[in-house]
>>> print(open('coords02.cif').read())   # mmCIF, N, CA and C atoms
data_start
#
loop_
_atom_site.label_atom_id
_atom_site.label_comp_id
_atom_site.auth_asym_id
_atom_site.auth_seq_id
_atom_site.Cartn_x
_atom_site.Cartn_y
_atom_site.Cartn_z
N MET D 1 -123.35 -257.85 375.55
CA MET D 1 -123.26 -259.29 375.41
C MET D 1 -122.01 -259.74 376.16
N PRO D 2 -122.15 -260.75 376.96
CA PRO D 2 -121.01 -261.14 377.81
C PRO D 2 -119.85 -261.81 377.06
N GLN D 3 -120.08 -262.51 375.98
CA GLN D 3 -119.02 -263.26 375.31
C GLN D 3 -118.28 -262.46 374.24
N MET D 4 -118.99 -261.56 373.57
CA MET D 4 -118.39 -260.78 372.49
C MET D 4 -119.21 -259.53 372.25
N ASN D 5 -118.61 -258.55 371.59
CA ASN D 5 -119.39 -257.35 371.28
C ASN D 5 -120.10 -257.54 369.94
N GLY D 6 -120.90 -256.56 369.56
CA GLY D 6 -121.68 -256.67 368.33
C GLY D 6 -120.85 -256.80 367.08
N TYR D 7 -119.72 -256.10 367.03
CA TYR D 7 -118.84 -256.21 365.87
C TYR D 7 -118.25 -257.61 365.75
N GLU D 8 -117.86 -258.17 366.88
CA GLU D 8 -117.31 -259.53 366.88
C GLU D 8 -118.37 -260.54 366.43
N LEU D 9 -119.60 -260.36 366.89
CA LEU D 9 -120.69 -261.24 366.47
C LEU D 9 -120.93 -261.13 364.97
N LEU D 10 -120.99 -259.90 364.47
CA LEU D 10 -121.20 -259.68 363.04
C LEU D 10 -120.08 -260.33 362.22
N ALA D 11 -118.84 -260.13 362.63
CA ALA D 11 -117.70 -260.72 361.92
C ALA D 11 -117.79 -262.24 361.93
N TRP D 12 -118.17 -262.83 363.07
CA TRP D 12 -118.28 -264.29 363.17
C TRP D 12 -119.40 -264.81 362.28
N VAL D 13 -120.56 -264.17 362.33
CA VAL D 13 -121.70 -264.62 361.52
C VAL D 13 -121.36 -264.61 360.04
N LYS D 14 -120.65 -263.58 359.60
CA LYS D 14 -120.33 -263.47 358.18
C LYS D 14 -119.31 -264.52 357.73
N THR D 15 -118.68 -265.24 358.67
CA THR D 15 -117.77 -266.33 358.29
C THR D 15 -118.46 -267.69 358.29
N GLN D 16 -119.71 -267.74 358.72
CA GLN D 16 -120.44 -268.99 358.81
C GLN D 16 -121.26 -269.22 357.55
N PRO D 17 -120.96 -270.28 356.80
CA PRO D 17 -121.65 -270.50 355.52
C PRO D 17 -123.18 -270.50 355.61
N LYS D 18 -123.73 -271.08 356.67
CA LYS D 18 -125.19 -271.16 356.78
C LYS D 18 -125.82 -269.88 357.32
N LEU D 19 -125.02 -268.98 357.84
CA LEU D 19 -125.56 -267.76 358.45
C LEU D 19 -125.20 -266.49 357.71
N LYS D 20 -124.19 -266.53 356.85
CA LYS D 20 -123.64 -265.31 356.29
C LYS D 20 -124.61 -264.51 355.43
N ARG D 21 -125.69 -265.10 354.98
CA ARG D 21 -126.66 -264.37 354.16
C ARG D 21 -127.76 -263.71 354.99
N ILE D 22 -127.74 -263.90 356.29
CA ILE D 22 -128.73 -263.25 357.15
C ILE D 22 -128.48 -261.74 357.13
N PRO D 23 -129.50 -260.95 356.82
CA PRO D 23 -129.30 -259.50 356.82
C PRO D 23 -129.08 -258.98 358.24
N PHE D 24 -128.14 -258.07 358.39
CA PHE D 24 -127.85 -257.47 359.68
C PHE D 24 -128.15 -255.99 359.64
N ILE D 25 -129.00 -255.55 360.55
CA ILE D 25 -129.30 -254.14 360.72
C ILE D 25 -128.82 -253.76 362.10
N ILE D 26 -127.86 -252.86 362.16
CA ILE D 26 -127.28 -252.43 363.43
C ILE D 26 -128.13 -251.29 363.97
N LEU D 27 -128.54 -251.41 365.23
CA LEU D 27 -129.26 -250.35 365.93
C LEU D 27 -128.38 -249.94 367.09
N SER D 28 -127.80 -248.75 367.01
CA SER D 28 -126.79 -248.32 367.96
C SER D 28 -127.10 -246.93 368.50
N ALA D 29 -126.60 -246.65 369.68
CA ALA D 29 -126.71 -245.31 370.24
C ALA D 29 -125.63 -244.39 369.67
N SER D 30 -124.64 -244.97 369.02
CA SER D 30 -123.50 -244.21 368.52
C SER D 30 -123.76 -243.65 367.12
N ASN D 31 -123.46 -242.37 366.96
CA ASN D 31 -123.52 -241.77 365.63
C ASN D 31 -122.12 -241.36 365.16
N VAL D 32 -121.10 -241.98 365.73
CA VAL D 32 -119.71 -241.72 365.37
C VAL D 32 -119.43 -242.38 364.02
N PRO D 33 -118.93 -241.64 363.05
CA PRO D 33 -118.71 -242.20 361.71
C PRO D 33 -117.87 -243.47 361.68
N VAL D 34 -116.87 -243.58 362.53
CA VAL D 34 -116.03 -244.79 362.51
C VAL D 34 -116.84 -246.03 362.90
N ASP D 35 -117.85 -245.89 363.75
CA ASP D 35 -118.69 -247.04 364.11
C ASP D 35 -119.51 -247.50 362.90
N PHE D 36 -120.05 -246.54 362.17
CA PHE D 36 -120.79 -246.87 360.94
C PHE D 36 -119.87 -247.55 359.94
N GLU D 37 -118.68 -247.01 359.75
CA GLU D 37 -117.73 -247.59 358.80
C GLU D 37 -117.31 -249.00 359.20
N THR D 38 -117.09 -249.23 360.49
CA THR D 38 -116.71 -250.56 360.96
C THR D 38 -117.82 -251.55 360.69
N ALA D 39 -119.05 -251.18 361.01
CA ALA D 39 -120.18 -252.07 360.76
C ALA D 39 -120.32 -252.37 359.27
N ASN D 40 -120.17 -251.37 358.46
CA ASN D 40 -120.25 -251.53 357.02
C ASN D 40 -119.14 -252.45 356.50
N ASP D 41 -117.92 -252.23 356.97
CA ASP D 41 -116.78 -253.06 356.56
C ASP D 41 -116.98 -254.53 356.95
N LEU D 42 -117.68 -254.77 358.05
CA LEU D 42 -117.90 -256.14 358.51
C LEU D 42 -119.11 -256.81 357.85
N GLY D 43 -119.84 -256.05 357.02
CA GLY D 43 -120.93 -256.66 356.27
C GLY D 43 -122.33 -256.32 356.74
N ALA D 44 -122.48 -255.31 357.59
CA ALA D 44 -123.83 -254.91 358.02
C ALA D 44 -124.60 -254.38 356.82
N ASN D 45 -125.87 -254.68 356.76
CA ASN D 45 -126.72 -254.22 355.66
C ASN D 45 -127.24 -252.81 355.89
N SER D 46 -127.35 -252.41 357.16
CA SER D 46 -127.83 -251.08 357.49
C SER D 46 -127.34 -250.71 358.88
N TYR D 47 -127.26 -249.42 359.15
CA TYR D 47 -126.83 -248.92 360.46
C TYR D 47 -127.76 -247.79 360.83
N LEU D 48 -128.50 -247.97 361.91
CA LEU D 48 -129.45 -246.96 362.37
C LEU D 48 -129.04 -246.47 363.75
N VAL D 49 -129.17 -245.18 363.99
CA VAL D 49 -128.89 -244.61 365.30
C VAL D 49 -130.20 -244.57 366.09
N LYS D 50 -130.14 -245.10 367.31
CA LYS D 50 -131.33 -245.12 368.16
C LYS D 50 -131.78 -243.70 368.45
N PRO D 51 -133.07 -243.43 368.28
CA PRO D 51 -133.58 -242.11 368.64
C PRO D 51 -133.72 -241.99 370.15
N ALA D 52 -133.93 -240.76 370.60
CA ALA D 52 -134.03 -240.49 372.04
C ALA D 52 -135.31 -241.05 372.67
N GLY D 53 -136.39 -241.08 371.92
CA GLY D 53 -137.66 -241.49 372.51
C GLY D 53 -138.24 -242.74 371.88
N SER D 54 -139.16 -243.37 372.59
CA SER D 54 -139.76 -244.62 372.11
C SER D 54 -140.67 -244.39 370.91
N VAL D 55 -141.30 -243.25 370.82
CA VAL D 55 -142.17 -242.96 369.68
C VAL D 55 -141.34 -242.92 368.39
N GLN D 56 -140.19 -242.25 368.46
CA GLN D 56 -139.31 -242.18 367.29
C GLN D 56 -138.73 -243.55 366.96
N LEU D 57 -138.47 -244.36 367.98
CA LEU D 57 -137.97 -245.71 367.74
C LEU D 57 -138.98 -246.54 366.95
N VAL D 58 -140.23 -246.45 367.31
CA VAL D 58 -141.28 -247.17 366.59
C VAL D 58 -141.37 -246.68 365.15
N GLU D 59 -141.16 -245.39 364.94
CA GLU D 59 -141.24 -244.82 363.60
C GLU D 59 -140.15 -245.36 362.66
N ILE D 60 -138.95 -245.59 363.20
CA ILE D 60 -137.88 -246.08 362.33
C ILE D 60 -138.03 -247.55 362.10
#
>>> encode(input="coords02.cif", output="structure tokens")
Amino acid sequence: MPQMNGYELLAWVKTQPKLKRIPFIILSASNVPVDFETANDLGANSYLVKPAGSVQLVEI
């Protein structure tokens, strides 16, 4: 995203009264624990790691 990254977007949305209840599911290529923790700390409802193939992506 050209204006902000996903964490910045999540943090901004959670400060907006009309948007803060929207559920956020993060779909990321990263399986680094600190990325999961950051998303969780910012209010993400779920964090999923993108699978390698499209068939597995459809399954999740």
>>> residues_around(input="coords02.cif", residues="stretch 33-36 of chain D", least_positions_apart="6", cutoff="8 Å", atoms="only N, CA and C atoms", output="PyMOL selection string")
chain D and resi 42+46-48
>>> atom_distance(input="coords02.cif", atom1="atom CA of D:Ala29", atom2="atom CA of D:Gln16")
27.0 Å
>>> atom_distance(input="coords02.cif", atom1="atom CA of D:Val58", atom2="atom C of D:Ile22")
21.6 Å
>>> select_by_dssp(input="coords02.cif", residues="chain D", states="strand (DSSP E)", output="list of chain:residue names")
D:Ile25, D:Ile26, D:Leu27, D:Ser28, D:Ser46, D:Tyr47, D:Leu48, D:Val49
>>> select_by_dssp(input="coords02.cif", residues="chain D", states="helix (DSSP H, G or I)", output="ChimeraX atom specification")
/D:6-13,33-41,54-59
>>> resolve_selection(input="coords02.cif", expression="the PyMOL selection byres ((chain D and resi 45) around 6)", output="PyMOL selection string")
chain D and resi 23-25+43-44+46-47
>>> atom_distance(input="coords02.cif", atom1="atom CA of D:Ala39", atom2="atom N of D:Ile26")
7.8 Å
>>> resolve_selection(input="coords02.cif", expression="the PyMOL selection byres (((chain D and resi 51 and name CA) around 12) and name CA)", output="ChimeraX atom specification")
/D:27-31,48-50,52-60
>>> axis_aligned_box(input="coords02.cif", around="stretch 6-15 of chain D", padding_each_side="8 Å", output="AutoDock Vina command-line options")
--center_x -119.5 --center_y -261.9 --center_z 363.6 --size_x 20.4 --size_y 27.6 --size_z 27.8
>>> decode(input="coords02.cif", residues="chain D", atoms="C-alpha atoms", output="JSON list (two decimals), in the first residue's frame")
[["chain", "number", "residue", "atom", "x", "y", "z"],
["D", 1, "MET", "CA", 0.00, 0.00, 0.00],
["D", 2, "PRO", "CA", 1.54, 3.30, -0.99],
["D", 3, "GLN", "CA", 0.33, 5.47, 1.93],
["D", 4, "MET", "CA", 0.80, 3.14, 4.90],
["D", 5, "ASN", "CA", 1.58, -0.46, 5.75],
["D", 6, "GLY", "CA", -0.95, -2.98, 7.05],
["D", 7, "TYR", "CA", -0.08, -2.40, 10.69],
["D", 8, "GLU", "CA", -0.55, 1.35, 10.30],
["D", 9, "LEU", "CA", -3.92, 0.77, 8.62],
["D", 10, "LEU", "CA", -5.03, -1.60, 11.38],
["D", 11, "ALA", "CA", -3.95, 0.86, 14.09],
["D", 12, "TRP", "CA", -5.79, 3.72, 12.33],
["D", 13, "VAL", "CA", -9.00, 1.72, 11.82],
["D", 14, "LYS", "CA", -9.09, 0.72, 15.48],
["D", 15, "THR", "CA", -9.08, 4.44, 16.44],
["D", 16, "GLN", "CA", -12.10, 5.24, 14.27],
["D", 17, "PRO", "CA", -15.39, 4.98, 16.19],
["D", 18, "LYS", "CA", -17.42, 3.89, 13.15],
["D", 19, "LEU", "CA", -14.83, 1.37, 11.94],
["D", 20, "LYS", "CA", -13.23, -0.07, 15.05],
["D", 21, "ARG", "CA", -15.67, -3.00, 15.31],
["D", 22, "ILE", "CA", -14.86, -4.29, 11.82],
["D", 23, "PRO", "CA", -13.18, -7.69, 12.21],
["D", 24, "PHE", "CA", -9.64, -7.82, 10.84],
["D", 25, "ILE", "CA", -8.10, -11.03, 9.56],
["D", 26, "ILE", "CA", -4.47, -10.63, 8.58],
["D", 27, "LEU", "CA", -3.28, -12.76, 5.66],
["D", 28, "SER", "CA", 0.50, -12.54, 5.53],
["D", 29, "ALA", "CA", 3.45, -14.36, 4.02],
["D", 30, "SER", "CA", 5.30, -13.91, 7.31],
["D", 31, "ASN", "CA", 5.29, -16.58, 9.98],
["D", 32, "VAL", "CA", 7.63, -14.62, 12.26],
["D", 33, "PRO", "CA", 6.18, -14.58, 15.80],
["D", 34, "VAL", "CA", 6.77, -10.84, 16.29],
["D", 35, "ASP", "CA", 4.54, -10.10, 13.27],
["D", 36, "PHE", "CA", 1.73, -12.16, 14.79],
["D", 37, "GLU", "CA", 2.21, -10.44, 18.15],
["D", 38, "THR", "CA", 2.18, -6.97, 16.56],
["D", 39, "ALA", "CA", -1.03, -7.70, 14.68],
["D", 40, "ASN", "CA", -2.61, -9.09, 17.83],
["D", 41, "ASP", "CA", -1.51, -6.09, 19.91],
["D", 42, "LEU", "CA", -3.07, -3.75, 17.33],
["D", 43, "GLY", "CA", -6.42, -5.53, 17.51],
["D", 44, "ALA", "CA", -6.39, -8.09, 14.68],
["D", 45, "ASN", "CA", -9.00, -10.80, 15.16],
["D", 46, "SER", "CA", -6.97, -13.47, 13.39],
["D", 47, "TYR", "CA", -3.59, -13.93, 11.70],
["D", 48, "LEU", "CA", -3.17, -16.46, 8.91],
["D", 49, "VAL", "CA", 0.02, -17.31, 7.03],
["D", 50, "LYS", "CA", -0.43, -17.54, 3.27],
["D", 51, "PRO", "CA", 0.13, -21.06, 2.00],
["D", 52, "ALA", "CA", 2.47, -21.76, -0.90],
["D", 53, "GLY", "CA", -0.21, -22.83, -3.37],
["D", 54, "SER", "CA", -3.58, -21.57, -4.52],
["D", 55, "VAL", "CA", -5.36, -24.81, -3.61],
["D", 56, "GLN", "CA", -4.24, -24.46, 0.02],
["D", 57, "LEU", "CA", -5.24, -20.79, -0.03],
["D", 58, "VAL", "CA", -8.79, -21.70, -1.03],
["D", 59, "GLU", "CA", -8.86, -24.30, 1.75],
["D", 60, "ILE", "CA", -8.07, -21.77, 4.49]]
